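**Student:** One structure follows; several queries about it will come next.
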Amino acid sequence: MATERQPEPLTVHIVAMRRRYLRSVLNIENQVYPRPWTMSLFLSELGLRGTRAYFVAKVGRDVVGYAGLMVSVDEGHVTTIAVDPAWHRHQIGTRLLLAVSHEAIAREVSALTLEVRVSNTAAQAMYRRFGFTSVGVRKGYYAETNEDALVMWAREVDTPAHAALLGRIAEGIRGETINESARRW
Ligand SMILES: CC(C)(COP(=O)(O)OP(=O)(O)OC[C@H]1O[C@@H](n2cnc3c(N)ncnc32)[C@H](O)[C@@H]1OP(=O)(O)O)[C@@H](O)C(=O)NCCC(=O)NCCS
């Protein structure tokens with residue numbers, strides 16, 4: 001269904017993650033991560049509304065991906081981002097990272113950070129397009145596979161230059177993205 005490089009334009013809805021989506025979220029989580037988050041971890045994250053924002057991407061009624069943001073003072077941490085393997089390369093990760101970026105900016109964050117497996121070159125490529133650069137390595141960060149994490153940062157995300165970058169990324173998306181989350185952009 002979803003492996004070709006130039007897929008048909010999709011209409012994707014971005015909505016706030018709610019409890020009712022968690023079964024679908026966990027289904028994706030269990031497919032893509034060697035140490036998946038549990039239902040109770042997602043529930044506890046959803047409970048921390050002041051410092052967290054979680055989104056799901058939907059195609060029709062199907063949840064096809066999700067992403068999360070944690071804010072501490074003026075820094076944002078991308079806590080997770082994942083797309084159903086059947087829907088990879090449909091710019092769904094890109095749409096989710098746009099949603100997270102706009103949410104972070106709306107919450108007056110000036111820099112975004114994340115960890116990513118050294119071997120995960122696909123995700124690293126996506127992050128680099130969003131202005132993230134690798135600033136260091138956390139040795140053995142992923143204990144279950146004893147794999148190192150790259151620590152990546154995107155700085156000055158609150159500047160016009162970064163807004164222009166996000167605008168260019170959004171313009172490159174084929175199809176429509178409908179943001180139904182509380183925040184508009
Ligand atoms: C990383 C992930 C979220 C990307 O989602 P996606 O919807 O497939 O990504 P997009 O279609 O928006 O691709 C965005 C960019 O990422 C890069 N990319 C994504 N998948 C790639 C792949 N398999 N190989 C190389 N680059 C890839 C490309 O630069 C791509 O841009 P392009 O299509 O213009 O070349 C998805 O692969 C995933 O869920 N992986 C498993 C979970 C994971 O690794 N999460 C990140 C943890 S830090």
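Each chain in the structure tokens gets a letter, A, B, ..., in the order shown, and its residues are numbered from 1; ligands are numbered from 1 in order too.
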What residues of the protein or nucleic acid chains come within 6 Å of ligand 1 when you use only C-alpha atoms and all ligand atoms? Reply as a count of residues only.

**Tutor:** 17

**Student:** Could you list, as a list in words, every residue within 6 Å of Val71 (chain A), counting only C-alpha atoms and ignoring same-chain residues fewer than 2 positions away?

**Tutor:**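 Using only C-alpha atoms, the neighbours found are Thr51, Glu75 and Gly76 of chain A.
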
**Student:** Work out how far apart CA of Thr133 (chain A) and CA of Glu156 (chain A) are and give it in Å to one decimal.

**Tutor:**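 That distance, rounded to one decimal, is 12.3 Å.
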
**Student:** Between A:Leu97, A:Met17, A:Leu114, A:Val63, which has the minimum distance to Phe130 (chain A) (counting only C-alpha atoms)?

**Tutor:**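 Counting only C-alpha atoms, the residue closest to Phe130 (chain A) is A:Leu97.
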
**Student:** Skipping near chain neighbours, those fewer than 3 positions away, what residues fall within 12 Å of region 36-42 of chain A using only C-alpha atoms, listed as an MDAnalysis selection string?

**Tutor:** chainID A and resid 17:33 45:48 52:55 66:68 79:82 142 144

**Student:** So which bits of region 26-177 of chain A end up strand (DSSP E or B) when you DSSP the backbone, as a count of residues only?

**Tutor:** 57

**Student:** Taking into account only C-alpha atoms, which residue in the set A:Ala163, A:Val151, A:Ala143, A:Val109 is nearest to Val73 (chain A)?

**Tutor:**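 Under the stated criterion, the closest residue is A:Val109.
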
**Student:** Find, counting only C-alpha atoms, the residue in A:Leu166, A:Leu43, A:Leu98, A:Leu69 that gets nearest to Ile14 (chain A).

**Tutor:**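 Using only C-alpha atoms, the shortest distance to Ile14 (chain A) belongs to A:Leu98.
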
**Student:** Which residues are near Ser119 (chain A)? Cut-off 10 Å, only C-alpha atoms, ignore same chain within fewer than 2 positions. Put them as a ChimeraX atom specification.

**Tutor:** /A:116-117,121-124,147-150

**Student:** Since we have the selection now, will you write its residues out, keeping N, CA and C atoms, as an mmCIF file, in the first residue's frame?

**Tutor:**
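Contents of the output file again-v5.cif:
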```cif
data_model
loop_
_atom_site.group_PDB
_atom_site.id
_atom_site.type_symbol
_atom_site.label_atom_id
_atom_site.label_comp_id
_atom_site.auth_asym_id
_atom_site.auth_seq_id
_atom_site.Cartn_x
_atom_site.Cartn_y
_atom_site.Cartn_z
ATOM 1 N N VAL A 116 17.999 10.091 19.356
ATOM 2 C CA VAL A 116 17.671 9.153 18.276
ATOM 3 C C VAL A 116 18.786 8.114 18.198
ATOM 4 N N ARG A 117 18.380 6.870 17.914
ATOM 5 C CA ARG A 117 19.373 5.805 17.786
ATOM 6 C C ARG A 117 20.392 6.157 16.711
ATOM 7 N N THR A 121 19.029 6.179 10.711
ATOM 8 C CA THR A 121 19.385 7.245 9.771
ATOM 9 C C THR A 121 18.146 7.855 9.107
ATOM 10 N N ALA A 122 17.049 7.082 9.005
ATOM 11 C CA ALA A 122 15.825 7.617 8.403
ATOM 12 C C ALA A 122 15.298 8.782 9.247
ATOM 13 N N ALA A 123 15.156 8.542 10.540
ATOM 14 C CA ALA A 123 14.654 9.606 11.421
ATOM 15 C C ALA A 123 15.640 10.777 11.461
ATOM 16 N N GLN A 124 16.943 10.468 11.490
ATOM 17 C CA GLN A 124 17.935 11.558 11.536
ATOM 18 C C GLN A 124 17.804 12.466 10.313
ATOM 19 N N GLU A 147 22.525 0.365 22.581
ATOM 20 C CA GLU A 147 22.861 1.244 21.458
ATOM 21 C C GLU A 147 23.001 2.686 21.943
ATOM 22 N N ASP A 148 23.892 3.415 21.277
ATOM 23 C CA ASP A 148 24.100 4.817 21.634
ATOM 24 C C ASP A 148 23.001 5.685 21.025
ATOM 25 N N ALA A 149 22.757 6.815 21.685
ATOM 26 C CA ALA A 149 21.819 7.809 21.151
ATOM 27 C C ALA A 149 22.596 9.008 20.649
ATOM 28 N N LEU A 150 22.176 9.517 19.501
ATOM 29 C CA LEU A 150 22.625 10.850 19.100
ATOM 30 C C LEU A 150 21.718 11.844 19.792
#
```

**Student:** Which residues are near region 170-178 of chain A? Cut-off 6 Å, only C-alpha atoms, ignore same chain within fewer than 5 positions. Put them as a ChimeraX atom specification.

**Tutor:** /A:9-13

**Student:** Grab the residues selected above and save them as a compact mmCIF listing (two decimals), in the first residue's frame with C-alpha atoms.

**Tutor:**
```
# COMPACT_ATOMS: atom_id res chain seq x y z
CA PRO A 9 -1.66 13.10 -2.11
CA LEU A 10 -3.24 12.30 1.24
CA THR A 11 -5.57 14.20 3.50
CA VAL A 12 -4.20 13.83 7.02
CA HIS A 13 -5.89 15.09 10.16
```

**Student:** Restricting the calculation to only C-alpha atoms, which member of A:Ala111, A:Val118, A:Arg128, A:Trp87 is positioned closest to Asn146 (chain A)?

**Tutor:**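 Among A:Ala111, A:Val118, A:Arg128, A:Trp87, it is A:Val118 that comes nearest to Asn146 (chain A).
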
**Student:** Quick one: of A:Val64, A:Thr145, A:Arg138, A:Val157, who's nearest to Ala104 (chain A), counting only C-alpha atoms?

**Tutor:** A:Val157
